[in-house]
file my_file.txt (compact mmCIF, C-alpha atoms)
# COMPACT_ATOMS: atom_id res chain seq x y z
CA MET A 995 1.06 20.38 -1.49
CA ASN A 996 -1.04 17.25 -2.13
CA LYS A 997 -1.70 14.81 0.69
CA LEU A 998 -0.22 11.30 0.60
CA ILE A 999 -1.33 8.70 3.13
CA ILE A 1000 1.18 5.94 3.84
CA LEU A 1001 0.01 2.74 5.56
CA SER A 1002 2.64 0.46 7.09
CA ASP A 1003 2.98 -3.28 6.66
CA LEU A 1004 1.95 -5.63 9.47
CA TRP A 1005 5.08 -4.80 11.48
CA GLY A 1006 4.18 -1.12 11.86
CA GLN A 1007 6.68 0.75 14.04
CA ASN A 1008 8.39 -2.49 15.07
CA LYS A 1009 10.49 -2.57 11.88
CA PRO A 1010 10.30 1.03 10.67
CA LYS A 1011 13.72 1.71 9.13
CA TRP A 1012 12.79 0.76 5.56
CA ILE A 1013 9.90 3.26 5.47
CA LEU A 1014 12.30 6.17 6.02
CA GLN A 1015 13.67 5.78 2.49
CA TYR A 1016 10.16 6.34 1.08
CA ILE A 1017 9.42 9.31 3.32
CA ALA A 1018 12.78 10.96 2.51
CA ILE A 1019 11.92 10.98 -1.20
CA LEU A 1020 8.18 11.62 -1.07
CA GLU A 1021 8.11 14.39 1.57
CA LYS A 1022 9.61 16.75 -1.02
CA PHE A 1023 6.49 16.38 -3.16
CA PHE A 1024 3.64 15.60 -0.75
CA GLN A 1025 2.22 16.33 2.66
CA ILE A 1026 2.61 12.88 4.24
CA ARG A 1027 0.38 11.25 6.86
CA TYR A 1028 1.90 7.98 8.07
CA TYR A 1029 -0.16 5.33 9.83
CA ASP A 1030 1.09 2.32 11.77
CA CYS A 1031 -1.38 -0.43 10.83
CA CYS A 1032 -0.89 -2.18 14.19
CA VAL A 1033 -2.13 0.96 15.94
CA LEU A 1034 -4.98 1.44 13.45
CA GLY A 1035 -6.05 -2.20 13.89
CA ASP A 1036 -5.66 -2.22 17.68
CA ILE A 1037 -3.27 -5.15 17.32
CA CYS A 1038 -1.72 -6.54 20.50
CA GLN A 1039 2.04 -6.48 20.01
CA ASN A 1040 3.09 -8.54 23.04
CA GLU A 1041 4.16 -11.44 20.83
CA LEU A 1042 5.88 -10.12 17.72
CA SER A 1043 5.70 -13.11 15.44
CA GLU A 1044 4.49 -12.76 11.87
CA GLU A 1045 1.91 -15.51 12.45
CA ASN A 1046 0.47 -13.80 15.56
CA LEU A 1047 0.25 -10.37 13.91
CA HIS A 1048 -1.26 -11.83 10.73
CA ARG A 1049 -3.86 -13.82 12.70
CA GLN A 1050 -4.95 -10.69 14.60
CA PHE A 1051 -5.34 -8.67 11.40
CA VAL A 1052 -7.33 -11.42 9.67
CA ASN A 1053 -9.53 -12.00 12.74
CA GLY A 1054 -10.95 -8.49 12.93
CA GLY A 1055 -7.92 -6.20 12.92
CA ILE A 1056 -8.32 -5.24 9.27
CA ASP A 1057 -11.91 -4.14 9.88
CA VAL A 1058 -10.90 -2.15 12.99
CA ALA A 1059 -8.07 -0.51 11.02
CA VAL A 1060 -10.46 0.46 8.21
CA ARG A 1061 -12.90 2.02 10.69
CA ASN A 1062 -10.11 3.92 12.46
CA LEU A 1063 -8.61 5.14 9.20
CA LEU A 1064 -12.04 6.42 8.12
CA LEU A 1065 -12.37 8.26 11.45
CA ASN A 1066 -9.05 10.02 10.79
CA GLU A 1067 -9.24 10.62 7.04
CA SER A 1068 -12.00 11.44 4.60
CA ASP A 1069 -9.94 12.06 1.51
CA ALA A 1070 -6.44 12.01 0.10
CA LEU A 1071 -5.04 12.44 -3.34
CA ILE A 1072 -2.83 9.37 -3.01
CA ILE A 1073 -2.60 6.33 -0.77
CA LEU A 1074 0.48 4.12 -0.55
CA GLY A 1075 0.02 0.89 1.39
CA PHE A 1076 2.49 -1.89 2.07
CA SER A 1077 1.34 -5.50 2.47
CA ILE A 1078 -1.59 -5.42 4.96
CA GLY A 1079 -1.62 -1.62 4.63
CA GLY A 1080 -2.60 -1.94 0.96
CA THR A 1081 -5.48 -4.21 1.91
CA ILE A 1082 -6.65 -1.76 4.57
CA ALA A 1083 -6.45 1.10 2.04
CA TRP A 1084 -8.42 -0.91 -0.56
CA LYS A 1085 -11.18 -1.72 1.94
CA ALA A 1086 -11.26 1.85 3.28
CA CYS A 1087 -11.74 3.16 -0.27
CA LEU A 1088 -14.62 0.72 -0.75
CA SER A 1089 -16.08 2.05 2.51
CA GLY A 1090 -15.95 5.72 1.53
CA LEU A 1091 -12.37 7.00 1.78
CA LYS A 1092 -11.95 9.24 -1.25
CA ALA A 1093 -8.71 9.02 -3.19
CA GLN A 1094 -7.60 9.41 -6.77
CA TYR A 1095 -4.71 6.95 -6.65
CA LEU A 1096 -3.99 3.78 -4.72
CA PHE A 1097 -0.53 2.24 -4.81
CA ALA A 1098 -0.35 -1.08 -2.97
CA VAL A 1099 2.90 -2.99 -2.63
CA SER A 1100 2.98 -6.73 -1.79
CA SER A 1101 -0.67 -6.63 -0.70
CA THR A 1102 -1.27 -10.34 -1.13
CA ARG A 1103 -4.60 -10.45 0.76
CA LEU A 1104 -6.14 -8.52 -2.14
CA ARG A 1105 -6.38 -11.87 -3.95
CA HIS A 1106 -9.49 -12.50 -1.82
CA GLU A 1107 -11.23 -9.27 -2.88
CA THR A 1108 -14.11 -9.41 -5.34
CA GLU A 1109 -14.94 -5.69 -5.57
CA ARG A 1110 -12.66 -2.97 -6.90
CA PRO A 1111 -12.51 0.64 -5.65
CA SER A 1112 -13.15 3.23 -8.37
CA MET A 1113 -9.82 5.02 -8.65
CA LYS A 1114 -6.52 4.60 -10.43
CA ILE A 1115 -4.82 1.56 -8.91
CA GLU A 1116 -1.27 0.31 -9.24
CA LEU A 1117 -0.38 -2.97 -7.54
CA LEU A 1118 3.27 -3.96 -7.27
CA TYR A 1119 4.58 -7.39 -6.28
CA GLY A 1120 7.77 -9.40 -6.29
CA ASN A 1121 7.25 -12.02 -8.98
CA ASN A 1122 8.39 -14.71 -6.50
CA ASP A 1123 5.75 -13.73 -3.92
CA TYR A 1124 3.86 -16.99 -3.57
CA PHE A 1125 0.61 -15.36 -2.38
CA LYS A 1126 0.29 -12.58 -4.98
CA PRO A 1127 -3.01 -12.51 -6.91
CA ASP A 1128 -3.07 -14.64 -10.04
CA ILE A 1129 -3.50 -13.47 -13.62
CA HIS A 1130 -7.22 -14.34 -13.54
CA TRP A 1131 -7.80 -12.02 -10.54
CA PHE A 1132 -5.97 -9.13 -12.25
CA GLY A 1133 -8.16 -9.64 -15.34
CA GLN A 1134 -11.37 -9.62 -13.29
CA MET A 1135 -10.31 -6.44 -11.50
CA LYS A 1136 -9.14 -4.81 -14.74
CA ILE A 1137 -5.77 -3.99 -13.20
CA GLU A 1138 -2.47 -4.31 -15.01
CA GLN A 1139 0.10 -6.63 -13.44
CA SER A 1140 3.40 -5.12 -12.26
CA TYR A 1141 6.19 -7.28 -10.89
CA TYR A 1142 9.76 -6.92 -9.72
CA ASP A 1143 11.82 -9.75 -11.23
CA ASN A 1144 13.42 -12.26 -8.88
CA GLU A 1145 11.89 -10.63 -5.80
CA GLY A 1146 9.74 -11.93 -2.97
CA HIS A 1147 7.19 -10.42 -0.61
CA ASP A 1148 9.60 -8.10 1.24
CA CYS A 1149 10.96 -6.53 -1.96
CA TYR A 1150 9.80 -3.10 -0.75
CA PHE A 1151 12.54 -3.09 1.93
CA LYS A 1152 15.20 -2.68 -0.79
CA LYS A 1153 16.44 0.83 -1.58
CA GLU A 1154 16.38 0.43 -5.37
CA ILE A 1155 12.78 -0.76 -5.27
CA ALA A 1156 11.82 2.07 -2.90
CA VAL A 1157 13.34 4.56 -5.34
CA ASP A 1158 11.43 2.99 -8.24
CA ILE A 1159 8.11 3.01 -6.38
CA CYS A 1160 8.57 6.65 -5.34
CA LYS A 1161 9.48 7.59 -8.91
CA ARG A 1162 6.30 5.91 -10.19
CA ILE A 1163 4.15 7.75 -7.65
CA ILE A 1164 5.70 11.11 -8.48
CA GLU A 1165 5.50 10.60 -12.26
CA ILE A 1166 1.90 9.38 -12.21
CA THR A 1167 0.48 11.87 -9.70
CA ALA A 1168 2.52 15.03 -10.17
CA PRO A 1169 0.58 17.86 -11.80
CA GLN A 1170 1.56 18.38 -15.41
CA PRO A 1171 2.97 21.82 -16.24
CA PRO A 1172 0.67 23.99 -18.35
CA THR A 1173 1.31 23.90 -22.05
CA THR A 1174 2.26 27.12 -23.74
CA ARG A 1175 0.89 28.13 -27.08
CA VAL A 1176 3.10 29.66 -29.69
call {"tool": "encode", "arguments": {"input": "my_file.txt", "output": "structure tokens"}}
result
Amino acid sequence: MNKLIILSDLWGQNKPKWILQYIAILEKFFQIRYYDCCVLGDICQNELSEENLHRQFVNGGIDVAVRNLLLNESDALIILGFSIGGTIAWKACLSGLKAQYLFAVSSTRLRHETERPSMKIELLYGNNDYFKPDIHWFGQMKIEQSYYDNEGHDCYFKKEIAVDICKRIIEITAPQPPTTRV
């Protein structure tokens, strides 16, 4: 079974229920390794406000998370990262983590990136996510834009979007059956 690394959003284990819908679908097809990005980034969780968690990630936590992920993993067929987890995955791949596919959902901090990892990349955003990368950035990175209509940043919490994302991952990464000759 192929390995799939899943990286949480900035809430990590503090709001974990939504991730269970992904794991329930994907564990049938992949060996899953789940990482709480707060743990990877050594983020202090005494004050659980979005602003506090975000500030800690931006002020060194992302770099710590990348280093810790690289200590735990050297390769994976597929990486699925949510929000800050997608950014950590992107930076880890630039720093030597080997993967064939990167799926990042609502990873808005990628808009600040200027270098692209060399793998197949699919980025998914709610089209109403104010901080998603702009069309110019997608063109520079040579990545196709994919949006969920009428959705915001937390679109990945919704069951129907989780099902769609899992379906995409399975369809894109599943080995193709051998062709038979007649």
call {"tool": "residues_around", "arguments": {"input": "my_file.txt", "residues": "Leu1096 in chain A", "least_positions_apart": "5", "cutoff": "10 Å", "atoms": "only C-alpha atoms", "output": "PDB file with C-alpha atoms, in the coordinates of the input"}}
result
ATOM      1  CA  LEU A 998      -0.220  11.300   0.600  1.00  0.00           C
ATOM      2  CA  ILE A 999      -1.330   8.700   3.130  1.00  0.00           C
ATOM      3  CA  ALA A1070      -6.440  12.010   0.100  1.00  0.00           C
ATOM      4  CA  LEU A1071      -5.040  12.440  -3.340  1.00  0.00           C
ATOM      5  CA  ILE A1072      -2.830   9.370  -3.010  1.00  0.00           C
ATOM      6  CA  ILE A1073      -2.600   6.330  -0.770  1.00  0.00           C
ATOM      7  CA  LEU A1074       0.480   4.120  -0.550  1.00  0.00           C
ATOM      8  CA  GLY A1075       0.020   0.890   1.390  1.00  0.00           C
ATOM      9  CA  GLY A1080      -2.600  -1.940   0.960  1.00  0.00           C
ATOM     10  CA  ALA A1083      -6.450   1.100   2.040  1.00  0.00           C
ATOM     11  CA  TRP A1084      -8.420  -0.910  -0.560  1.00  0.00           C
ATOM     12  CA  CYS A1087     -11.740   3.160  -0.270  1.00  0.00           C
ATOM     13  CA  PRO A1111     -12.510   0.640  -5.650  1.00  0.00           C
ATOM     14  CA  SER A1112     -13.150   3.230  -8.370  1.00  0.00           C
ATOM     15  CA  MET A1113      -9.820   5.020  -8.650  1.00  0.00           C
ATOM     16  CA  LYS A1114      -6.520   4.600 -10.430  1.00  0.00           C
ATOM     17  CA  ILE A1115      -4.820   1.560  -8.910  1.00  0.00           C
ATOM     18  CA  GLU A1116      -1.270   0.310  -9.240  1.00  0.00           C
ATOM     19  CA  LEU A1117      -0.380  -2.970  -7.540  1.00  0.00           C
ATOM     20  CA  ILE A1163       4.150   7.750  -7.650  1.00  0.00           C
TER      21      ILE A1163
END
call {"tool": "closest_residue", "arguments": {"input": "my_file.txt", "among": "A:Gln1134, A:Ser1089, A:Ser1101, A:Gln1007", "to": "Tyr1150 in chain A", "atoms": "only C-alpha atoms"}}
result
A:Ser1101
call {"tool": "residues_around", "arguments": {"input": "my_file.txt", "residues": "range 1017-1026 of chain A", "least_positions_apart": "4", "cutoff": "12 Å", "atoms": "all atoms listed in the file", "output": "NGL selection string"}}
result
:A and (995-1002 or 1010-1013 or 1070-1074 or 1153 or 1156-1165 or 1167-1169)
call {"tool": "write_last_selection", "arguments": {"input": "my_file.txt", "atoms": "C-alpha atoms", "output": "JSON list (two decimals), in the frame of the given file"}}
result
[["chain", "number", "residue", "atom", "x", "y", "z"],
["A", 995, "MET", "CA", 1.06, 20.38, -1.49],
["A", 996, "ASN", "CA", -1.04, 17.25, -2.13],
["A", 997, "LYS", "CA", -1.70, 14.81, 0.69],
["A", 998, "LEU", "CA", -0.22, 11.30, 0.60],
["A", 999, "ILE", "CA", -1.33, 8.70, 3.13],
["A", 1000, "ILE", "CA", 1.18, 5.94, 3.84],
["A", 1001, "LEU", "CA", 0.01, 2.74, 5.56],
["A", 1002, "SER", "CA", 2.64, 0.46, 7.09],
["A", 1010, "PRO", "CA", 10.30, 1.03, 10.67],
["A", 1011, "LYS", "CA", 13.72, 1.71, 9.13],
["A", 1012, "TRP", "CA", 12.79, 0.76, 5.56],
["A", 1013, "ILE", "CA", 9.90, 3.26, 5.47],
["A", 1070, "ALA", "CA", -6.44, 12.01, 0.10],
["A", 1071, "LEU", "CA", -5.04, 12.44, -3.34],
["A", 1072, "ILE", "CA", -2.83, 9.37, -3.01],
["A", 1073, "ILE", "CA", -2.60, 6.33, -0.77],
["A", 1074, "LEU", "CA", 0.48, 4.12, -0.55],
["A", 1153, "LYS", "CA", 16.44, 0.83, -1.58],
["A", 1156, "ALA", "CA", 11.82, 2.07, -2.90],
["A", 1157, "VAL", "CA", 13.34, 4.56, -5.34],
["A", 1158, "ASP", "CA", 11.43, 2.99, -8.24],
["A", 1159, "ILE", "CA", 8.11, 3.01, -6.38],
["A", 1160, "CYS", "CA", 8.57, 6.65, -5.34],
["A", 1161, "LYS", "CA", 9.48, 7.59, -8.91],
["A", 1162, "ARG", "CA", 6.30, 5.91, -10.19],
["A", 1163, "ILE", "CA", 4.15, 7.75, -7.65],
["A", 1164, "ILE", "CA", 5.70, 11.11, -8.48],
["A", 1165, "GLU", "CA", 5.50, 10.60, -12.26],
["A", 1167, "THR", "CA", 0.48, 11.87, -9.70],
["A", 1168, "ALA", "CA", 2.52, 15.03, -10.17],
["A", 1169, "PRO", "CA", 0.58, 17.86, -11.80]]
call {"tool": "atom_distance", "arguments": {"input": "my_file.txt", "atom1": "CA of Gln1139 in chain A", "atom2": "CA of Val1099 in chain A"}}
result
11.7 Å
call {"tool": "residues_near_point", "arguments": {"input": "my_file.txt", "point": "(-9.0, -11.7, -11.9)", "cutoff": "12 Å", "atoms": "all atoms listed in the file", "output": "short mmCIF file (atom, residue, chain, number, x, y, z; two decimals) with C-alpha atoms, in the frame of the given file"}}
result
data_model
loop_
_atom_site.label_atom_id
_atom_site.label_comp_id
_atom_site.auth_asym_id
_atom_site.auth_seq_id
_atom_site.Cartn_x
_atom_site.Cartn_y
_atom_site.Cartn_z
CA LEU A 1104 -6.14 -8.52 -2.14
CA ARG A 1105 -6.38 -11.87 -3.95
CA HIS A 1106 -9.49 -12.50 -1.82
CA GLU A 1107 -11.23 -9.27 -2.88
CA THR A 1108 -14.11 -9.41 -5.34
CA GLU A 1109 -14.94 -5.69 -5.57
CA ARG A 1110 -12.66 -2.97 -6.90
CA LYS A 1126 0.29 -12.58 -4.98
CA PRO A 1127 -3.01 -12.51 -6.91
CA ASP A 1128 -3.07 -14.64 -10.04
CA ILE A 1129 -3.50 -13.47 -13.62
CA HIS A 1130 -7.22 -14.34 -13.54
CA TRP A 1131 -7.80 -12.02 -10.54
CA PHE A 1132 -5.97 -9.13 -12.25
CA GLY A 1133 -8.16 -9.64 -15.34
CA GLN A 1134 -11.37 -9.62 -13.29
CA MET A 1135 -10.31 -6.44 -11.50
CA LYS A 1136 -9.14 -4.81 -14.74
CA ILE A 1137 -5.77 -3.99 -13.20
CA GLU A 1138 -2.47 -4.31 -15.01
CA GLN A 1139 0.10 -6.63 -13.44
#
call {"tool": "atom_distance", "arguments": {"input": "my_file.txt", "atom1": "CA of Tyr1119 in chain A", "atom2": "CA of Gly1146 in chain A"}}
result
7.6 Å
call {"tool": "axis_aligned_box", "arguments": {"input": "my_file.txt", "around": "range 1112-1130 of chain A", "padding_each_side": "8 Å", "output": "lines of an AutoDock Vina configuration file"}}
result
center_x = -2.4
center_y = -6.0
center_z = -8.0
size_x = 37.5
size_y = 38.0
size_z = 27.2
call {"tool": "atom_distance", "arguments": {"input": "my_file.txt", "atom1": "CA of Ala1093 in chain A", "atom2": "CA of Glu1145 in chain A"}}
result
28.6 Å
call {"tool": "closest_residue", "arguments": {"input": "my_file.txt", "among": "A:Gly1120, A:Gly1079, A:Gly1090, A:Gly1035", "to": "Ala1059 in chain A", "atoms": "all atoms listed in the file"}}
result
A:Gly1035
call {"tool": "closest_residue", "arguments": {"input": "my_file.txt", "among": "A:Ser1077, A:Ile1166, A:Arg1103, A:Arg1049", "to": "His1147 in chain A", "atoms": "only C-alpha atoms"}}
result
A:Ser1077
call {"tool": "closest_residue", "arguments": {"input": "my_file.txt", "among": "A:Asp1069, A:Arg1027, A:Gln1039, A:Ala1098", "to": "Gly1006 in chain A", "atoms": "only C-alpha atoms"}}
result
A:Gln1039
call {"tool": "closest_residue", "arguments": {"input": "my_file.txt", "among": "A:Leu1065, A:Leu1004, A:Val1060, A:Ala1086", "to": "Cys1038 in chain A", "atoms": "only C-alpha atoms"}}
result
A:Leu1004
call {"tool": "decode", "arguments": {"input": "my_file.txt", "residues": "range 1010-1099 of chain A", "atoms": "C-alpha atoms", "output": "CSV table (one decimal), in the first residue's frame"}}
result
chain,number,residue,atom,x,y,z
A,1010,PRO,CA,-9.8,17.2,14.7
A,1011,LYS,CA,-13.3,15.9,13.9
A,1012,TRP,CA,-13.3,17.0,10.2
A,1013,ILE,CA,-10.1,15.1,9.4
A,1014,LEU,CA,-11.8,11.8,10.3
A,1015,GLN,CA,-13.9,12.0,7.2
A,1016,TYR,CA,-10.7,12.1,5.0
A,1017,ILE,CA,-9.0,9.3,6.9
A,1018,ALA,CA,-12.1,7.1,6.7
A,1019,ILE,CA,-12.0,7.3,2.9
A,1020,LEU,CA,-8.3,7.3,2.3
A,1021,GLU,CA,-7.2,4.6,4.7
A,1022,LYS,CA,-8.8,2.0,2.4
A,1023,PHE,CA,-6.3,3.0,-0.3
A,1024,PHE,CA,-3.2,4.2,1.5
A,1025,GLN,CA,-1.0,3.7,4.5
A,1026,ILE,CA,-1.6,7.0,6.3
A,1027,ARG,CA,0.8,9.0,8.5
A,1028,TYR,CA,-1.0,11.9,10.2
A,1029,TYR,CA,0.9,14.9,11.6
A,1030,ASP,CA,-0.5,17.6,13.9
A,1031,CYS,CA,1.2,20.7,12.6
A,1032,CYS,CA,1.1,22.3,16.1
A,1033,VAL,CA,3.2,19.4,17.4
A,1034,LEU,CA,5.6,19.5,14.4
A,1035,GLY,CA,6.0,23.3,14.8
A,1036,ASP,CA,6.4,23.2,18.6
A,1037,ILE,CA,3.6,25.6,18.8
A,1038,CYS,CA,2.5,26.7,22.3
A,1039,GLN,CA,-1.2,25.9,22.6
A,1040,ASN,CA,-2.0,27.7,25.9
A,1041,GLU,CA,-4.0,30.4,24.1
A,1042,LEU,CA,-6.0,28.8,21.3
A,1043,SER,CA,-6.9,31.8,19.2
A,1044,GLU,CA,-6.4,31.8,15.4
A,1045,GLU,CA,-4.2,34.9,15.6
A,1046,ASN,CA,-1.9,33.5,18.3
A,1047,LEU,CA,-1.4,30.2,16.5
A,1048,HIS,CA,-0.9,31.9,13.1
A,1049,ARG,CA,1.6,34.3,14.6
A,1050,GLN,CA,3.6,31.4,16.1
A,1051,PHE,CA,3.7,29.5,12.8
A,1052,VAL,CA,4.8,32.6,10.9
A,1053,ASN,CA,7.4,33.6,13.5
A,1054,GLY,CA,9.5,30.4,13.2
A,1055,GLY,CA,6.9,27.6,13.7
A,1056,ILE,CA,6.7,26.7,10.0
A,1057,ASP,CA,10.5,26.3,9.8
A,1058,VAL,CA,10.5,24.1,12.9
A,1059,ALA,CA,7.7,22.0,11.5
A,1060,VAL,CA,9.6,21.5,8.2
A,1061,ARG,CA,12.7,20.4,10.1
A,1062,ASN,CA,10.7,18.0,12.3
A,1063,LEU,CA,8.8,16.6,9.3
A,1064,LEU,CA,12.1,16.0,7.5
A,1065,LEU,CA,13.5,14.2,10.6
A,1066,ASN,CA,10.4,11.8,10.5
A,1067,GLU,CA,10.0,11.4,6.8
A,1068,SER,CA,12.3,11.1,3.8
A,1069,ASP,CA,9.7,10.1,1.2
A,1070,ALA,CA,6.1,9.6,0.5
A,1071,LEU,CA,4.1,8.9,-2.6
A,1072,ILE,CA,1.5,11.5,-1.7
A,1073,ILE,CA,1.2,14.5,0.7
A,1074,LEU,CA,-2.1,16.1,1.6
A,1075,GLY,CA,-1.8,19.3,3.6
A,1076,PHE,CA,-4.6,21.6,4.9
A,1077,SER,CA,-4.0,25.3,5.3
A,1078,ILE,CA,-0.7,25.8,7.1
A,1079,GLY,CA,0.0,22.0,6.6
A,1080,GLY,CA,0.1,22.6,2.8
A,1081,THR,CA,2.7,25.3,3.3
A,1082,ILE,CA,4.8,23.1,5.5
A,1083,ALA,CA,4.6,20.3,2.9
A,1084,TRP,CA,5.6,22.6,0.1
A,1085,LYS,CA,8.6,23.9,2.0
A,1086,ALA,CA,9.6,20.4,3.1
A,1087,CYS,CA,9.6,19.2,-0.5
A,1088,LEU,CA,11.8,22.2,-1.4
A,1089,SER,CA,14.1,21.1,1.4
A,1090,GLY,CA,14.4,17.5,0.3
A,1091,LEU,CA,11.3,15.6,1.2
A,1092,LYS,CA,10.6,13.3,-1.8
A,1093,ALA,CA,7.1,13.0,-3.0
A,1094,GLN,CA,5.3,12.4,-6.3
A,1095,TYR,CA,2.1,14.3,-5.5
A,1096,LEU,CA,1.3,17.3,-3.3
A,1097,PHE,CA,-2.3,18.2,-2.6
A,1098,ALA,CA,-2.7,21.4,-0.6
A,1099,VAL,CA,-6.1,22.6,0.4
